[in-house]
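Peer 1: Just one file: data-v7.csv, with CSV, C-alpha atoms.
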```csv
chain,number,residue,atom,x,y,z
A,6,SER,CA,-170.7,-6.7,39.8
A,7,ALA,CA,-171.4,-8.4,43.1
A,8,LEU,CA,-174.6,-9.4,45.0
A,9,LEU,CA,-174.5,-9.1,48.8
A,10,ALA,CA,-177.3,-10.7,50.9
A,11,LEU,CA,-177.4,-9.8,54.6
A,12,ALA,CA,-179.0,-12.0,57.2
A,13,SER,CA,-180.6,-10.7,60.3
A,14,PRO,CA,-178.3,-9.7,63.2
A,15,THR,CA,-177.4,-12.6,65.5
A,16,LEU,CA,-175.0,-10.9,67.9
A,17,THR,CA,-176.2,-10.6,71.5
A,18,GLU,CA,-176.3,-7.2,73.2
A,19,ASP,CA,-173.3,-8.2,75.4
A,20,ALA,CA,-171.2,-9.1,72.3
A,21,ARG,CA,-171.9,-5.6,70.8
A,22,ARG,CA,-170.8,-3.7,73.8
A,23,ALA,CA,-167.5,-1.8,73.7
A,24,PRO,CA,-164.9,-2.9,76.2
A,25,VAL,CA,-165.1,-1.1,79.5
A,26,LEU,CA,-162.1,-1.0,81.8
A,27,VAL,CA,-161.5,0.8,85.1
A,28,VAL,CA,-158.5,3.0,84.9
A,29,GLU,CA,-157.6,5.3,87.8
A,30,ARG,CA,-155.1,8.0,88.3
A,31,THR,CA,-152.4,6.9,90.7
A,32,ALA,CA,-149.6,8.4,92.8
A,33,ARG,CA,-147.0,7.3,90.2
A,34,THR,CA,-144.5,9.8,88.9
A,35,ILE,CA,-142.0,9.7,86.1
A,36,GLN,CA,-139.3,12.3,86.5
A,37,GLY,CA,-135.9,12.9,84.9
A,38,ARG,CA,-134.1,15.0,82.4
A,39,VAL,CA,-134.1,15.7,78.6
A,40,VAL,CA,-130.7,16.1,77.0
A,41,GLY,CA,-129.4,16.6,73.5
A,42,PRO,CA,-126.8,14.5,71.5
A,43,ASP,CA,-124.0,16.3,73.4
A,44,GLY,CA,-125.6,15.6,76.8
A,45,ALA,CA,-126.5,19.3,77.3
A,46,PRO,CA,-130.0,19.8,78.9
A,47,LEU,CA,-132.9,20.7,76.6
A,48,ALA,CA,-135.6,23.1,77.7
A,49,GLY,CA,-139.0,23.3,76.2
A,50,ALA,CA,-139.4,19.6,75.2
A,51,SER,CA,-143.0,18.4,75.2
A,52,LEU,CA,-143.6,15.2,77.1
A,53,ARG,CA,-146.8,13.1,77.0
A,54,ALA,CA,-147.6,9.9,78.9
A,55,THR,CA,-150.6,7.9,77.7
A,56,SER,CA,-152.2,4.7,78.9
A,57,ALA,CA,-151.2,1.8,76.7
A,58,LEU,CA,-154.4,-0.2,77.6
A,59,PRO,CA,-156.9,-0.8,74.8
A,60,VAL,CA,-159.6,1.3,76.5
A,61,ARG,CA,-162.7,2.8,74.8
A,62,THR,CA,-164.7,3.8,77.8
A,63,VAL,CA,-163.3,4.6,81.2
A,64,TRP,CA,-165.2,4.7,84.5
A,65,ARG,CA,-163.6,7.1,86.9
A,66,ALA,CA,-163.5,6.8,90.7
A,67,ASP,CA,-166.3,9.4,91.0
A,68,GLY,CA,-168.6,7.2,88.8
A,69,ALA,CA,-168.5,9.4,85.7
A,70,SER,CA,-167.3,7.9,82.4
A,71,GLU,CA,-165.2,9.3,79.6
A,72,ARG,CA,-163.8,8.1,76.3
A,73,GLY,CA,-160.2,7.1,76.6
A,74,VAL,CA,-157.7,8.2,79.2
A,75,PRO,CA,-156.6,11.8,78.9
A,76,PRO,CA,-152.8,12.0,78.5
A,77,THR,CA,-150.5,13.4,81.2
A,78,THR,CA,-148.3,16.2,79.8
A,79,CYS,CA,-145.6,18.5,80.9
A,80,ALA,CA,-142.6,20.5,79.4
A,81,SER,CA,-139.0,20.3,80.4
A,82,ALA,CA,-137.6,23.1,82.4
A,83,ALA,CA,-134.5,25.3,81.7
A,84,ASP,CA,-132.2,22.6,83.1
A,85,GLY,CA,-134.0,19.9,81.2
A,86,THR,CA,-135.8,18.4,84.1
A,87,PHE,CA,-139.4,17.2,84.0
A,88,ALA,CA,-142.0,15.4,86.1
A,89,LEU,CA,-145.1,13.6,84.8
A,90,GLU,CA,-147.3,13.2,87.9
A,91,GLY,CA,-150.6,11.4,88.7
A,92,LEU,CA,-150.2,8.9,85.9
A,93,PRO,CA,-152.9,6.3,85.1
A,94,SER,CA,-152.5,2.7,86.1
A,95,GLY,CA,-151.2,0.1,83.7
A,96,PRO,CA,-148.5,0.3,81.1
A,97,LEU,CA,-147.6,3.7,79.6
A,98,ASP,CA,-146.5,5.1,76.3
A,99,VAL,CA,-144.2,8.0,76.7
A,100,VAL,CA,-143.6,10.5,73.8
A,101,VAL,CA,-141.1,13.3,73.8
A,102,GLU,CA,-140.9,16.0,71.1
A,103,ARG,CA,-138.9,19.1,70.5
A,104,ASP,CA,-138.4,21.2,67.4
A,105,GLY,CA,-135.2,20.3,65.6
A,106,PHE,CA,-135.0,16.8,67.1
A,107,ALA,CA,-136.4,13.4,66.2
A,108,ARG,CA,-139.5,12.2,68.1
A,109,TRP,CA,-138.6,9.9,71.1
A,110,THR,CA,-140.9,7.1,72.3
A,111,THR,CA,-140.9,4.3,74.7
A,112,ARG,CA,-143.3,1.9,76.5
A,113,LEU,CA,-143.0,1.5,80.2
A,114,ASP,CA,-144.4,-1.8,81.7
A,115,GLY,CA,-144.4,-3.2,85.2
A,116,LEU,CA,-144.5,0.2,86.9
A,117,PRO,CA,-145.6,0.1,90.6
A,118,SER,CA,-148.9,1.7,91.6
A,119,SER,CA,-147.0,4.4,93.5
A,120,GLY,CA,-143.6,5.9,93.7
A,121,THR,CA,-141.2,7.6,91.3
A,122,ARG,CA,-139.5,6.2,88.2
A,123,SER,CA,-136.4,8.0,86.9
A,124,LEU,CA,-135.9,8.5,83.2
A,125,VAL,CA,-133.2,10.2,81.1
A,126,VAL,CA,-134.4,11.1,77.6
A,127,ALA,CA,-131.5,11.6,75.1
A,128,LEU,CA,-132.8,13.2,71.9
A,129,GLU,CA,-131.0,13.0,68.6
A,130,ARG,CA,-131.2,15.2,65.5
A,131,GLY,CA,-132.5,12.3,63.4
A,132,ALA,CA,-132.8,12.3,59.6
A,133,ILE,CA,-135.2,14.3,57.5
A,134,VAL,CA,-137.2,12.4,54.8
A,135,ARG,CA,-139.0,14.5,52.2
A,136,GLY,CA,-140.5,13.9,48.8
A,137,ARG,CA,-143.5,14.0,46.6
A,138,LEU,CA,-146.4,11.6,46.2
A,139,THR,CA,-148.1,11.3,42.8
A,140,LEU,CA,-150.8,9.4,41.1
A,141,GLU,CA,-150.5,7.5,37.8
A,142,GLY,CA,-150.2,10.1,35.1
A,143,GLY,CA,-148.2,12.5,37.4
A,144,GLY,CA,-151.0,14.2,39.3
A,145,ALA,CA,-150.4,15.2,42.9
A,146,ALA,CA,-151.6,12.7,45.6
A,147,GLY,CA,-152.7,15.4,48.1
A,148,GLY,CA,-153.9,14.0,51.4
A,149,ALA,CA,-151.9,10.8,51.1
A,150,GLU,CA,-150.1,9.6,54.2
A,151,VAL,CA,-146.5,8.6,54.8
A,152,LEU,CA,-146.2,6.2,57.8
A,153,VAL,CA,-143.0,5.2,59.6
A,154,ASP,CA,-142.8,1.6,60.9
A,155,ASP,CA,-146.0,0.9,63.0
A,156,GLY,CA,-147.6,4.2,62.0
A,157,ALA,CA,-147.0,6.0,65.3
A,158,LEU,CA,-145.0,8.6,63.3
A,159,ARG,CA,-146.8,9.8,60.2
A,160,VAL,CA,-147.4,12.9,58.0
A,161,VAL,CA,-150.0,13.9,55.5
A,162,ALA,CA,-148.9,15.3,52.1
A,163,ASP,CA,-150.0,18.8,51.1
A,164,ALA,CA,-152.2,19.6,48.1
A,165,ASP,CA,-149.2,19.3,45.8
A,166,GLY,CA,-148.3,15.8,47.2
A,167,ARG,CA,-145.2,17.0,49.1
A,168,TYR,CA,-144.3,15.9,52.5
A,169,ALA,CA,-141.4,16.1,55.0
A,170,LEU,CA,-140.8,14.5,58.4
A,171,ARG,CA,-138.0,14.0,60.9
A,172,VAL,CA,-137.2,10.4,61.7
A,173,PRO,CA,-134.9,8.8,64.2
A,174,SER,CA,-131.7,7.4,62.7
A,175,GLY,CA,-131.5,3.7,62.0
A,176,GLY,CA,-133.5,1.3,59.9
A,177,HIS,CA,-137.2,2.0,59.2
A,178,VAL,CA,-140.0,0.9,56.9
A,179,LEU,CA,-141.8,3.8,55.2
A,180,ARG,CA,-145.2,3.3,53.7
A,181,ALA,CA,-147.1,5.8,51.5
A,182,ARG,CA,-150.9,5.2,51.1
A,183,ARG,CA,-154.1,7.0,50.2
A,184,SER,CA,-157.7,6.2,50.8
A,185,ARG,CA,-159.3,4.3,47.9
A,186,PHE,CA,-155.9,3.5,46.3
A,187,ALA,CA,-154.1,0.2,46.0
A,188,ALA,CA,-151.7,-1.4,48.4
A,189,ALA,CA,-149.3,1.0,50.2
A,190,VAL,CA,-146.0,1.7,48.5
A,191,GLU,CA,-143.4,0.4,50.9
A,192,THR,CA,-139.7,0.9,51.1
A,193,ASN,CA,-136.9,0.0,53.6
A,194,VAL,CA,-134.4,2.7,54.5
A,195,LEU,CA,-131.3,3.0,56.7
A,196,LEU,CA,-130.9,6.6,57.8
A,197,ALA,CA,-127.9,8.3,59.5
A,198,ASP,CA,-128.2,11.0,62.1
A,199,GLY,CA,-128.3,14.4,60.3
A,200,GLU,CA,-129.0,12.9,56.9
A,201,GLU,CA,-131.6,14.3,54.4
A,202,ARG,CA,-133.2,11.7,52.1
A,203,VAL,CA,-135.5,12.3,49.2
A,204,LEU,CA,-138.1,9.6,48.6
A,205,ASP,CA,-140.8,10.0,46.0
A,206,ALA,CA,-143.6,7.5,45.3
A,207,GLU,CA,-146.3,6.9,42.8
A,208,LEU,CA,-149.7,5.5,44.0
A,209,ALA,CA,-151.8,3.3,41.7
A,210,PRO,CA,-155.6,3.3,41.9
A,211,ALA,CA,-157.3,0.2,43.3
A,212,PRO,CA,-159.9,-1.8,41.4
A,213,THR,CA,-163.5,-0.9,42.1
A,214,ILE,CA,-166.1,-3.4,43.4
A,215,ARG,CA,-169.7,-2.5,42.7
A,216,GLY,CA,-172.8,-4.4,43.8
A,217,LEU,CA,-176.1,-4.5,45.5
A,218,ALA,CA,-176.8,-5.1,49.2
A,219,LEU,CA,-180.0,-7.0,49.9
A,220,GLY,CA,-181.8,-7.9,53.1
A,221,PRO,CA,-183.2,-11.4,54.0
A,222,ALA,CA,-186.3,-10.8,52.0
A,223,GLY,CA,-184.4,-9.6,48.9
A,224,ASN,CA,-185.1,-6.0,49.5
A,225,PRO,CA,-182.4,-3.4,48.8
A,226,LEU,CA,-180.7,-2.0,51.9
A,227,VAL,CA,-179.6,1.7,52.2
A,228,GLY,CA,-176.6,2.8,54.2
A,229,VAL,CA,-174.9,-0.5,54.5
A,230,LEU,CA,-171.2,-0.3,55.4
A,231,VAL,CA,-169.1,-2.5,53.1
A,232,ARG,CA,-165.5,-3.1,54.1
A,233,CYS,CA,-162.9,-4.7,51.9
A,234,GLN,CA,-159.4,-5.6,53.1
A,235,VAL,CA,-156.6,-7.0,51.0
A,236,GLU,CA,-152.8,-6.8,51.3
A,237,GLY,CA,-151.9,-3.3,52.4
A,238,LEU,CA,-155.4,-1.9,51.9
A,239,ASP,CA,-158.2,-1.3,54.3
A,240,SER,CA,-161.0,0.9,52.9
A,241,SER,CA,-164.7,1.5,53.6
A,242,SER,CA,-167.4,2.9,51.4
```
Can you give me the file's structure in the form of structure tokens?

Peer 2:
Amino acid sequence: SALLALASPTLTEDARRAPVLVVERTARTIQGRVVGPDGAPLAGASLRATSALPVRTVWRADGASERGVPPTTCASAADGTFALEGLPSGPLDVVVERDGFARWTTRLDGLPSSGTRSLVVALERGAIVRGRLTLEGGGAAGGAEVLVDDGALRVVADADGRYALRVPSGGHVLRARRSRFAAAVETNVLLADGEERVLDAELAPAPTIRGLALGPAGNPLVGVLVRCQVEGLDSSS
């Protein structure tokens, strides 16, 4: 059992404010072509460009505000060509997806405030990783996540704990985790293009910490958020 005493807040109003940055749409354009492993054009690929700035609130040129910067999207034409226009200022994260191919991502820095940047996106088939996530005792870990590398590519297991995702070929770190469970199960894999790999994992429950949150006068506090972070675990209750 643990006893938690909370002092009165000391942060100033300015310190509690969320970061506010001004991000404007510009005359920048990214155009190019999406091709497959054989160099043939791919139609119907979904492209998305998103600001890579850590923005929570955005003030637009017209004075209105919005949460985040809406992504700029388009789809490749029959000849594989595409154009992402009116892109926001600053660095951009570009994601390209198409059924039957591995997800393609890149970050573009140092782009001018206007003009056109050419980009050729070569998609590969990638590898398929599938498996089943279980709990101690063999029960299904439904709702658990499998994350690839930095977590930009992830999938949620179904009610039976089964998952499947397409991953670019090469070396990756895969992590399986579930809320309120112990440190993520982590494994390193080297995948070949076109390979199918089965990876199962068992998740162990984390220990429970129980206690009482008290105010400066020793009175119990209701609705206090308690966060505990240890290696591989970040959970709130």

Peer 1: Between A:Arg215, A:Arg167, A:Arg53, A:Arg130, which residue has the minimum interatomic distance to Gly41 of chain A, considering only C-alpha atoms?

Peer 2: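 With only C-alpha atoms as the atom set, the closest residue is A:Arg130.
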
Peer 1: Within 10 Å of segment 91-93 of chain A, counting all atoms listed in the file, which residues show up once you throw out same-chain ones fewer than 2 positions away? Write them as a PyMOL selection string, please.

Peer 2: chain A and resi 28-35+54-57+74-78+88-89+95-97+118-119

Peer 1: Nearest to Gly136 of chain A among A:Leu58, A:Leu170, A:Ala157, A:Ala82, with distances taken over only C-alpha atoms: which residue is it?

Peer 2: A:Leu170

Peer 1: Please identify all polymer residues within 10 Å of Ala45 of chain A, counting all atoms listed in the file, omitting same-chain residues fewer than 6 positions from it, and present them as a ChimeraX atom specification.

Peer 2: /A:39,84-85,127

Peer 1: What is the distance, in Å and to one decimal place, between atom CA of Glu90 of chain A and atom CA of Arg112 of chain A?

Peer 2: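 Value for the atom CA of Glu90 of chain A-atom CA of Arg112 of chain A distance: 16.5 Å.
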
Peer 1: Return the single residue from A:Pro117, A:Gly144, A:Pro212, A:Gly131 that is closest to Gly176 of chain A, with distances computed using all atoms listed in the file.

Peer 2: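 Under the stated criterion, the closest residue is A:Gly131.
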
Peer 1: Could you check which of A:Ala189, A:Val172, A:Ala132, A:Cys79 is closest to Leu158 of chain A, using only C-alpha atoms?

Peer 2: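 Going through A:Ala189, A:Val172, A:Ala132, A:Cys79 one by one, the smallest distance to Leu158 of chain A is for A:Val172.
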
Peer 1: Could you check which of A:Leu196, A:Val134, A:Val126, A:Ala145 is closest to Arg159 of chain A, using all atoms listed in the file?

Peer 2: A:Val134

Peer 1: Any idea what the distance is between atom CA of Arg137 of chain A and atom CA of Val161 of chain A?

Peer 2: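 It comes out at 11.0 Å.
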
Peer 1: Atom CA of Leu204 of chain A to atom CA of Asp155 of chain A: how many Å, to one decimal?

Peer 2: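 About the pair atom CA of Leu204 of chain A and atom CA of Asp155 of chain A: they are 18.6 Å apart.
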
Peer 1: Within 10 Å of Gly166 of chain A, counting only C-alpha atoms, which residues show up once you throw out same-chain ones fewer than 6 positions away? Write them as a short mmCIF file (atom, residue, chain, number, x, y, z; two decimals) with C-alpha atoms, in the frame of the given file, please.

Peer 2:
```
data_model
loop_
_atom_site.label_atom_id
_atom_site.label_comp_id
_atom_site.auth_asym_id
_atom_site.auth_seq_id
_atom_site.Cartn_x
_atom_site.Cartn_y
_atom_site.Cartn_z
CA GLY A 136 -140.50 13.90 48.80
CA ARG A 137 -143.50 14.00 46.60
CA LEU A 138 -146.40 11.60 46.20
CA THR A 139 -148.10 11.30 42.80
CA LEU A 140 -150.80 9.40 41.10
CA GLY A 144 -151.00 14.20 39.30
CA ALA A 145 -150.40 15.20 42.90
CA ALA A 146 -151.60 12.70 45.60
CA GLY A 147 -152.70 15.40 48.10
CA GLY A 148 -153.90 14.00 51.40
CA ALA A 149 -151.90 10.80 51.10
CA GLU A 150 -150.10 9.60 54.20
CA ASP A 205 -140.80 10.00 46.00
CA ALA A 206 -143.60 7.50 45.30
#
```

Peer 1: Between A:Val178, A:Ala50, A:Val160, A:Ile133, which residue has the minimum interatomic distance to Asp104 of chain A, considering all atoms listed in the file?

Peer 2: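 For Asp104 of chain A, the nearest of the candidates is A:Ala50.
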
Peer 1: Please determine the residues with any atom at most 10 Å from (-139.7, 2.5, 55.0) (coordinates as given in the file, with only C-alpha atoms counting) and report them as a ChimeraX atom specification.

Peer 2: /A:151-154,176-181,190-195,204

Peer 1: So that I have them on file, write out the residues from the current selection with C-alpha atoms, as a PDB file, keeping the file's coordinate frame.

Peer 2:
```pdb
ATOM      1  CA  VAL A 151    -146.500   8.600  54.800  1.00  0.00           C
ATOM      2  CA  LEU A 152    -146.200   6.200  57.800  1.00  0.00           C
ATOM      3  CA  VAL A 153    -143.000   5.200  59.600  1.00  0.00           C
ATOM      4  CA  ASP A 154    -142.800   1.600  60.900  1.00  0.00           C
ATOM      5  CA  GLY A 176    -133.500   1.300  59.900  1.00  0.00           C
ATOM      6  CA  HIS A 177    -137.200   2.000  59.200  1.00  0.00           C
ATOM      7  CA  VAL A 178    -140.000   0.900  56.900  1.00  0.00           C
ATOM      8  CA  LEU A 179    -141.800   3.800  55.200  1.00  0.00           C
ATOM      9  CA  ARG A 180    -145.200   3.300  53.700  1.00  0.00           C
ATOM     10  CA  ALA A 181    -147.100   5.800  51.500  1.00  0.00           C
ATOM     11  CA  VAL A 190    -146.000   1.700  48.500  1.00  0.00           C
ATOM     12  CA  GLU A 191    -143.400   0.400  50.900  1.00  0.00           C
ATOM     13  CA  THR A 192    -139.700   0.900  51.100  1.00  0.00           C
ATOM     14  CA  ASN A 193    -136.900   0.000  53.600  1.00  0.00           C
ATOM     15  CA  VAL A 194    -134.400   2.700  54.500  1.00  0.00           C
ATOM     16  CA  LEU A 195    -131.300   3.000  56.700  1.00  0.00           C
ATOM     17  CA  LEU A 204    -138.100   9.600  48.600  1.00  0.00           C
TER      18      LEU A 204
END
```
